[in-house]
file coords24.txt (compact mmCIF, C-alpha atoms)
# COMPACT_ATOMS: atom_id res chain seq x y z
CA MET M 37 0.00 0.00 0.00
CA LEU M 38 1.17 3.52 -0.78
CA ARG M 39 -0.01 6.27 1.60
CA VAL M 40 0.69 9.87 0.65
CA MET M 41 0.16 12.51 3.32
CA SER M 42 -1.81 15.56 2.28
CA ARG M 43 -4.24 18.10 3.68
CA ARG M 44 -6.96 15.51 2.98
CA GLY M 45 -5.40 13.03 5.39
CA ASP M 46 -3.57 10.34 3.46
CA ASP M 47 -4.36 9.27 -0.09
CA ARG M 48 -4.01 5.53 -0.55
CA VAL M 49 -3.19 3.26 -3.46
CA THR M 50 -3.34 -0.46 -2.84
CA TRP M 51 -2.31 -3.40 -4.97
CA ASP M 52 -2.00 -7.14 -4.74
CA GLU M 53 1.66 -7.90 -5.28
CA GLN M 54 1.11 -11.58 -6.05
CA LYS M 55 -1.56 -10.82 -8.65
CA ALA M 56 0.64 -8.14 -10.21
CA HIS M 57 3.52 -10.61 -10.34
CA ALA M 58 1.21 -13.12 -12.05
CA GLY M 59 0.35 -10.49 -14.68
CA ASP M 60 -3.16 -9.56 -13.58
CA PRO M 61 -3.96 -6.38 -15.58
CA GLU M 62 -5.82 -4.61 -12.77
CA ALA M 63 -3.09 -5.27 -10.20
CA THR M 64 -0.40 -4.28 -12.70
CA ALA M 65 -2.21 -1.01 -13.42
CA ALA M 66 -2.45 -0.30 -9.68
CA VAL M 67 1.29 -0.86 -9.26
CA ARG M 68 2.01 1.45 -12.21
CA GLU M 69 -0.26 4.13 -10.75
CA ALA M 70 1.44 3.82 -7.35
CA GLU M 71 4.85 4.11 -9.00
CA ARG M 72 3.74 7.19 -10.96
CA ILE M 73 2.51 8.89 -7.76
CA PHE M 74 5.71 7.89 -5.94
CA THR M 75 7.87 9.48 -8.66
CA GLN M 76 5.70 12.59 -8.80
CA GLU M 77 5.84 13.12 -5.03
CA ARG M 78 9.60 12.47 -4.89
CA ALA M 79 10.05 15.14 -7.56
CA LYS M 80 8.15 17.56 -5.29
CA GLY M 81 10.61 16.83 -2.47
CA ALA M 82 8.63 14.24 -0.51
CA THR M 83 10.45 11.56 1.47
CA ALA M 84 9.36 7.92 1.32
CA PHE M 85 9.52 5.39 4.11
CA SER M 86 8.93 1.67 4.15
CA VAL M 87 6.91 1.00 7.29
CA VAL M 88 6.39 -2.52 8.59
CA PRO M 89 4.92 -3.01 12.09
CA GLY M 90 7.53 -4.37 14.48
CA LYS M 91 10.45 -3.55 12.17
CA PRO M 92 12.67 -0.46 11.98
CA THR M 93 11.41 2.23 9.59
CA GLN M 94 13.49 2.54 6.43
CA ARG M 95 13.87 5.49 4.11
CA ILE M 96 13.60 4.41 0.47
CA GLU M 97 14.67 6.18 -2.70
CA GLN M 98 13.08 3.84 -5.24
CA PHE M 99 9.54 2.57 -5.47
CA ASP M 100 9.33 -0.97 -4.11
CA PRO M 101 6.21 -2.89 -5.19
CA THR M 102 7.02 -5.63 -2.68
CA ALA M 103 6.92 -3.23 0.30
CA GLU M 104 4.06 -3.90 2.69
CA GLN M 105 3.47 -0.20 3.26
CA ILE M 106 5.12 2.92 1.86
CA VAL M 107 4.37 6.23 3.57
CA MET M 108 5.30 9.46 1.80
CA VAL M 109 5.69 12.67 3.77
CA PRO M 110 5.94 16.15 2.26
CA ARG M 111 9.14 18.19 2.34
CA VAL M 112 9.89 19.74 5.71
CA VAL M 113 11.41 23.10 6.58
CA GLY M 114 12.62 24.77 9.74
CA GLY M 115 9.80 26.71 11.37
CA MET D 109 -33.85 60.23 8.51
CA SER D 110 -36.53 58.97 6.20
CA PHE D 111 -38.30 55.69 6.68
CA VAL D 112 -36.66 54.22 3.55
CA THR D 113 -33.17 55.07 4.80
CA GLN D 114 -33.92 53.45 8.15
CA VAL D 115 -35.16 50.26 6.46
CA LEU D 116 -32.06 50.15 4.25
CA ALA D 117 -29.77 50.67 7.25
CA THR D 118 -31.50 47.86 9.16
CA LEU D 119 -31.24 45.51 6.18
CA GLY D 120 -27.58 46.45 5.84
CA TRP D 121 -26.91 45.48 9.47
CA ILE D 122 -28.80 42.21 9.00
CA VAL D 123 -26.31 41.33 6.24
CA VAL D 124 -23.16 42.79 7.81
CA ALA D 125 -23.57 41.56 11.40
CA PRO D 126 -23.52 37.79 10.63
CA LEU D 127 -20.57 38.30 8.27
CA ALA D 128 -18.66 40.11 11.00
CA ILE D 129 -19.43 37.49 13.65
CA SER D 130 -18.87 34.37 11.51
CA PRO D 131 -15.01 34.32 11.79
CA ILE D 132 -15.31 34.47 15.59
CA VAL D 133 -17.89 31.67 15.62
CA TRP D 134 -15.64 29.62 13.30
CA LEU D 135 -12.64 30.13 15.58
CA ILE D 136 -14.68 28.84 18.53
CA LEU D 137 -16.14 25.85 16.69
CA GLN D 138 -13.10 24.90 14.60
CA PRO D 139 -11.38 22.63 17.17
CA TYR D 140 -14.60 20.63 17.57
CA CYS D 141 -15.27 20.42 13.81
CA LYS D 142 -11.66 19.33 13.17
CA GLY D 143 -12.15 16.05 15.02
CA TRP D 144 -15.05 15.17 12.76
CA SER D 145 -13.39 15.87 9.44
CA ARG D 146 -12.57 13.05 7.07
CA ALA D 147 -8.95 14.19 6.83
CA GLU D 148 -8.51 14.03 10.61
CA ARG D 149 -10.09 10.57 10.74
CA ARG D 150 -7.80 9.25 8.01
CA ALA D 151 -4.78 10.78 9.71
CA ALA D 152 -5.83 9.21 13.02
CA ASP D 153 -6.01 5.82 11.25
CA LEU D 154 -2.46 6.22 9.96
CA LEU D 155 -1.28 7.27 13.41
CA ARG D 156 -2.84 4.19 15.03
CA ASP D 157 -1.32 1.95 12.34
CA THR D 158 2.12 3.48 12.86
CA LEU D 159 2.34 3.56 16.65
CA THR D 160 2.53 0.63 19.02
CA PRO D 161 -0.32 0.46 21.59
CA GLU D 162 2.15 1.65 24.23
CA GLN D 163 3.21 4.68 22.17
CA PHE D 164 -0.41 5.50 21.43
CA ARG D 165 -1.26 5.41 25.15
CA GLN D 166 1.68 7.68 25.90
CA LEU D 167 0.46 10.18 23.33
CA VAL D 168 -3.08 10.18 24.66
CA TRP D 169 -2.27 10.31 28.37
CA ARG D 170 0.90 12.37 28.44
CA GLY D 171 0.24 14.55 25.43
CA TYR D 172 3.49 13.70 23.68
CA LEU D 173 5.25 10.85 21.90
CA GLU D 174 8.83 9.96 22.78
CA VAL D 175 10.91 8.83 19.81
CA PRO D 176 14.35 7.43 20.69
CA SER D 177 17.23 8.62 18.54
CA PRO D 178 18.55 5.83 16.30
CA THR D 179 22.09 7.23 16.53
CA GLU D 180 22.43 8.61 20.08
CA PRO D 181 21.26 6.13 22.74
CA GLN D 182 20.94 8.83 25.44
CA ARG D 183 18.79 11.09 23.24
CA VAL D 184 14.99 11.11 22.98
CA TYR D 185 12.78 13.39 20.89
CA ARG D 186 9.51 14.45 22.52
CA VAL D 187 6.87 15.12 19.85
CA PRO D 188 3.78 17.02 21.11
CA ARG D 189 0.26 15.85 20.26
CA THR D 190 -0.63 19.26 18.86
CA LYS D 191 1.43 21.92 17.11
CA GLY D 192 4.52 23.00 18.97
CA TYR D 193 8.24 22.54 19.43
CA ILE D 194 9.93 19.13 19.52
CA GLN D 195 11.93 18.79 22.70
CA VAL D 196 15.28 17.06 22.58
CA ILE D 197 15.98 15.24 25.84
CA GLU D 198 19.48 13.98 26.58
CA ASN D 199 20.19 11.98 29.74
CA GLY D 200 16.79 13.04 31.06
CA ARG D 201 17.39 16.80 30.52
CA ALA D 202 15.85 19.04 27.88
CA VAL D 203 18.79 20.35 25.88
CA MET D 204 17.14 21.78 22.79
CA ARG D 205 13.85 22.64 21.13
CA LEU D 206 13.35 22.06 17.44
CA CYS D 207 10.95 23.71 15.05
CA VAL D 208 10.29 21.66 11.92
CA GLN D 209 7.15 21.76 9.84
CA PRO D 210 5.87 20.31 6.56
CA VAL D 211 5.55 22.70 3.62
CA GLU D 212 2.01 21.44 3.13
CA CYS D 213 -0.71 21.88 5.73
CA LEU D 214 -1.40 18.44 7.30
CA PRO D 215 -3.79 17.14 9.97
CA ASP D 216 -2.17 17.09 13.44
CA ALA D 217 -2.05 13.26 13.56
CA ASP D 218 -0.15 13.15 10.26
CA VAL D 219 2.37 15.67 11.59
CA ILE D 220 3.13 13.34 14.53
CA VAL D 221 3.71 10.43 12.11
CA LEU D 222 5.91 12.66 9.95
CA HIS D 223 8.16 13.54 12.90
CA LYS D 224 8.37 9.91 14.01
CA LEU D 225 9.33 8.60 10.56
CA MET D 226 11.82 11.41 9.91
CA ILE D 227 13.54 10.90 13.28
CA GLU D 228 13.67 7.11 12.98
CA ALA D 229 14.89 6.88 9.40
CA ASN D 230 16.18 10.30 8.36
CA GLU D 231 17.48 11.87 11.57
CA GLU D 232 20.47 13.66 10.07
CA ASN D 233 18.36 15.41 7.43
CA TYR D 234 15.69 16.18 10.03
CA LEU D 235 18.20 17.91 12.29
CA GLN D 236 19.68 19.78 9.34
CA LYS D 237 16.31 21.21 8.40
CA ALA D 238 15.18 22.06 11.95
CA ASN D 239 15.53 25.46 13.52
CA LYS D 240 17.24 24.81 16.84
CA TYR D 241 16.75 26.64 20.10
CA VAL D 242 19.26 25.58 22.74
CA CYS D 243 17.90 25.36 26.30
CA ILE D 244 20.08 27.30 28.74
CA GLU D 245 19.71 26.71 32.47
call {"tool": "encode", "arguments": {"input": "coords24.txt", "output": "structure tokens"}}
result
Amino acid sequence: MLRVMSRRGDDRVTWDEQKAHAGDPEATAAVREAERIFTQERAKGATAFSVVPGKPTQRIEQFDPTAEQIVMVPRVVGG
Amino acid sequence: MSFVTQVLATLGWIVVAPLAISPIVWLILQPYCKGWSRAERRAADLLRDTLTPEQFRQLVWRGYLEVPSPTEPQRVYRVPRTKGYIQVIENGRAVMRLCVQPVECLPDADVIVLHKLMIEANEENYLQKANKYVCIE
């Protein structure tokens, strides 16, 4: 699942990795859409994290369709 | 003053008075409305998914979330439940306050998650971006 923080809360894109791997067109389209959003948000300065309950959070630079959950946060500045 | 002028003046006040009062009413009601908004509910879901039950209890009861530094064992970041400075605690003493905020307006619960993720997996960059206020005793 990809969760992108915004003023609307978080926008979510979900996909079934196994179905996408098997070539299911709907799942593949969802993965492509998630990857497009990931790239678009990264270009705007967002940071992406792979978040798995019970495991340390990891910052990621590339979209990972196998990640259980990717959370994208907007760019931060000193206040 | 003619009757017509008086009627027009009264009608004018009927229009102007609610417009003048509405920002004040909104300021009073806003905190209550915020909790009901879809954005706040979604952000609260993400917060619950991201925190352990213990961390969530700490946030609710103490009003802050403590995030241990991944690089400095004696350092803890204290993230407030609502907007405010992040306190840096070292060996049990507040040594610094940080001011870091997202460029985009986010629900409060999302801001807590943002701080937690940045500290846990991007601490160096987080500290670079933050405005720092050293605590002097």
call {"tool": "interface_residues", "arguments": {"input": "coords24.txt", "of": "chain M", "to": "chain D", "cutoff": "10 Å", "atoms": "all atoms listed in the file", "output": "JSON, numbers by chain"}}
result
{"M": [39, 41, 42, 43, 44, 45, 46, 47, 81, 82, 83, 84, 85, 86, 87, 88, 89, 90, 92, 93, 94, 95, 96, 107, 108, 109, 110, 111, 112, 113, 114, 115]}
call {"tool": "residues_around", "arguments": {"input": "coords24.txt", "residues": "segment 66-71 of chain M", "least_positions_apart": "5", "cutoff": "8 Å", "atoms": "only C-alpha atoms", "output": "ChimeraX atom specification"}}
result
/M:38,49-51,56,99,101
call {"tool": "axis_aligned_box", "arguments": {"input": "coords24.txt", "around": "segment 101-111 of chain M", "padding_each_side": "5 Å", "output": "JSON"}}
result
{"center_x": 6.3, "center_y": 6.3, "center_z": -0.7, "size_x": 15.7, "size_y": 33.8, "size_z": 19.0}
call {"tool": "atom_distance", "arguments": {"input": "coords24.txt", "atom1": "atom CA of Asp60 of chain M", "atom2": "atom CA of Glu104 of chain M"}}
result
18.7 Å
call {"tool": "atom_distance", "arguments": {"input": "coords24.txt", "atom1": "atom CA of Asp100 of chain M", "atom2": "atom CA of Ala79 of chain M"}}
result
16.5 Å
call {"tool": "closest_residue", "arguments": {"input": "coords24.txt", "among": "D:Trp134, D:Trp169, D:Phe164, D:Tyr185", "to": "Val203 of chain D", "atoms": "all atoms listed in the file"}}
result
D:Tyr185
call {"tool": "residues_around", "arguments": {"input": "coords24.txt", "residues": "Gln195 of chain D", "least_positions_apart": "5", "cutoff": "9 Å", "atoms": "only C-alpha atoms", "output": "list in words"}}
result
Val184, Tyr185, Arg186, Val187, Pro188, Ala202, Val203, Met204, Arg205 and Leu206 of chain D
call {"tool": "atom_distance", "arguments": {"input": "coords24.txt", "atom1": "atom CA of Ile244 of chain D", "atom2": "atom CA of Arg201 of chain D"}}
result
11.0 Å
call {"tool": "decode", "arguments": {"input": "coords24.txt", "residues": "segment 39-65 of chain M", "atoms": "N, CA and C atoms", "output": "tab-separated table (two decimals), in the first residue's frame"}}
result
chain	number	residue	atom	x	y	z
M	39	ARG	N	0.77	5.24	0.91
M	39	ARG	CA	-0.01	6.27	1.60
M	39	ARG	C	0.74	7.59	1.46
M	40	VAL	N	0.06	8.56	0.87
M	40	VAL	CA	0.69	9.87	0.65
M	40	VAL	C	-0.01	10.90	1.53
M	41	MET	N	0.75	11.51	2.42
M	41	MET	CA	0.16	12.51	3.32
M	41	MET	C	-0.20	13.77	2.55
M	42	SER	N	-1.37	14.29	2.89
M	42	SER	CA	-1.81	15.56	2.28
M	42	SER	C	-2.80	16.22	3.22
M	43	ARG	N	-3.28	17.40	2.82
M	43	ARG	CA	-4.24	18.10	3.68
M	43	ARG	C	-5.55	17.32	3.81
M	44	ARG	N	-5.75	16.33	2.93
M	44	ARG	CA	-6.96	15.51	2.98
M	44	ARG	C	-6.80	14.29	3.89
M	45	GLY	N	-5.71	14.24	4.65
M	45	GLY	CA	-5.40	13.03	5.39
M	45	GLY	C	-4.39	12.29	4.54
M	46	ASP	N	-4.49	11.00	4.38
M	46	ASP	CA	-3.57	10.34	3.46
M	46	ASP	C	-4.33	9.69	2.32
M	47	ASP	N	-3.80	9.91	1.10
M	47	ASP	CA	-4.36	9.27	-0.09
M	47	ASP	C	-3.71	7.90	-0.22
M	48	ARG	N	-4.53	6.90	-0.53
M	48	ARG	CA	-4.01	5.53	-0.55
M	48	ARG	C	-4.13	4.88	-1.91
M	49	VAL	N	-3.11	4.13	-2.28
M	49	VAL	CA	-3.19	3.26	-3.46
M	49	VAL	C	-2.81	1.87	-2.99
M	50	THR	N	-3.67	0.90	-3.26
M	50	THR	CA	-3.34	-0.46	-2.84
M	50	THR	C	-3.21	-1.37	-4.06
M	51	TRP	N	-2.46	-2.42	-3.90
M	51	TRP	CA	-2.31	-3.40	-4.97
M	51	TRP	C	-2.01	-4.77	-4.38
M	52	ASP	N	-2.29	-5.76	-5.16
M	52	ASP	CA	-2.00	-7.14	-4.74
M	52	ASP	C	-0.72	-7.56	-5.46
M	53	GLU	N	0.35	-7.65	-4.68
M	53	GLU	CA	1.66	-7.90	-5.28
M	53	GLU	C	1.71	-9.24	-6.02
M	54	GLN	N	1.07	-10.24	-5.43
M	54	GLN	CA	1.11	-11.58	-6.05
M	54	GLN	C	0.37	-11.59	-7.39
M	55	LYS	N	-0.79	-10.89	-7.40
M	55	LYS	CA	-1.56	-10.82	-8.65
M	55	LYS	C	-0.79	-10.04	-9.71
M	56	ALA	N	-0.14	-8.95	-9.27
M	56	ALA	CA	0.64	-8.14	-10.21
M	56	ALA	C	1.78	-8.96	-10.78
M	57	HIS	N	2.41	-9.75	-9.91
M	57	HIS	CA	3.52	-10.61	-10.34
M	57	HIS	C	3.03	-11.66	-11.34
M	58	ALA	N	1.77	-12.11	-11.15
M	58	ALA	CA	1.21	-13.12	-12.05
M	58	ALA	C	0.69	-12.50	-13.35
M	59	GLY	N	0.74	-11.15	-13.43
M	59	GLY	CA	0.35	-10.49	-14.68
M	59	GLY	C	-1.09	-10.04	-14.74
M	60	ASP	N	-1.78	-10.04	-13.61
M	60	ASP	CA	-3.16	-9.56	-13.58
M	60	ASP	C	-3.20	-8.08	-14.02
M	61	PRO	N	-4.00	-7.75	-15.04
M	61	PRO	CA	-3.96	-6.38	-15.58
M	61	PRO	C	-4.36	-5.31	-14.57
M	62	GLU	N	-5.36	-5.60	-13.75
M	62	GLU	CA	-5.82	-4.61	-12.77
M	62	GLU	C	-4.73	-4.33	-11.71
M	63	ALA	N	-4.14	-5.42	-11.21
M	63	ALA	CA	-3.09	-5.27	-10.20
M	63	ALA	C	-1.87	-4.57	-10.79
M	64	THR	N	-1.55	-4.92	-12.05
M	64	THR	CA	-0.40	-4.28	-12.70
M	64	THR	C	-0.65	-2.79	-12.87
M	65	ALA	N	-1.87	-2.43	-13.25
M	65	ALA	CA	-2.21	-1.01	-13.42
M	65	ALA	C	-2.11	-0.27	-12.09
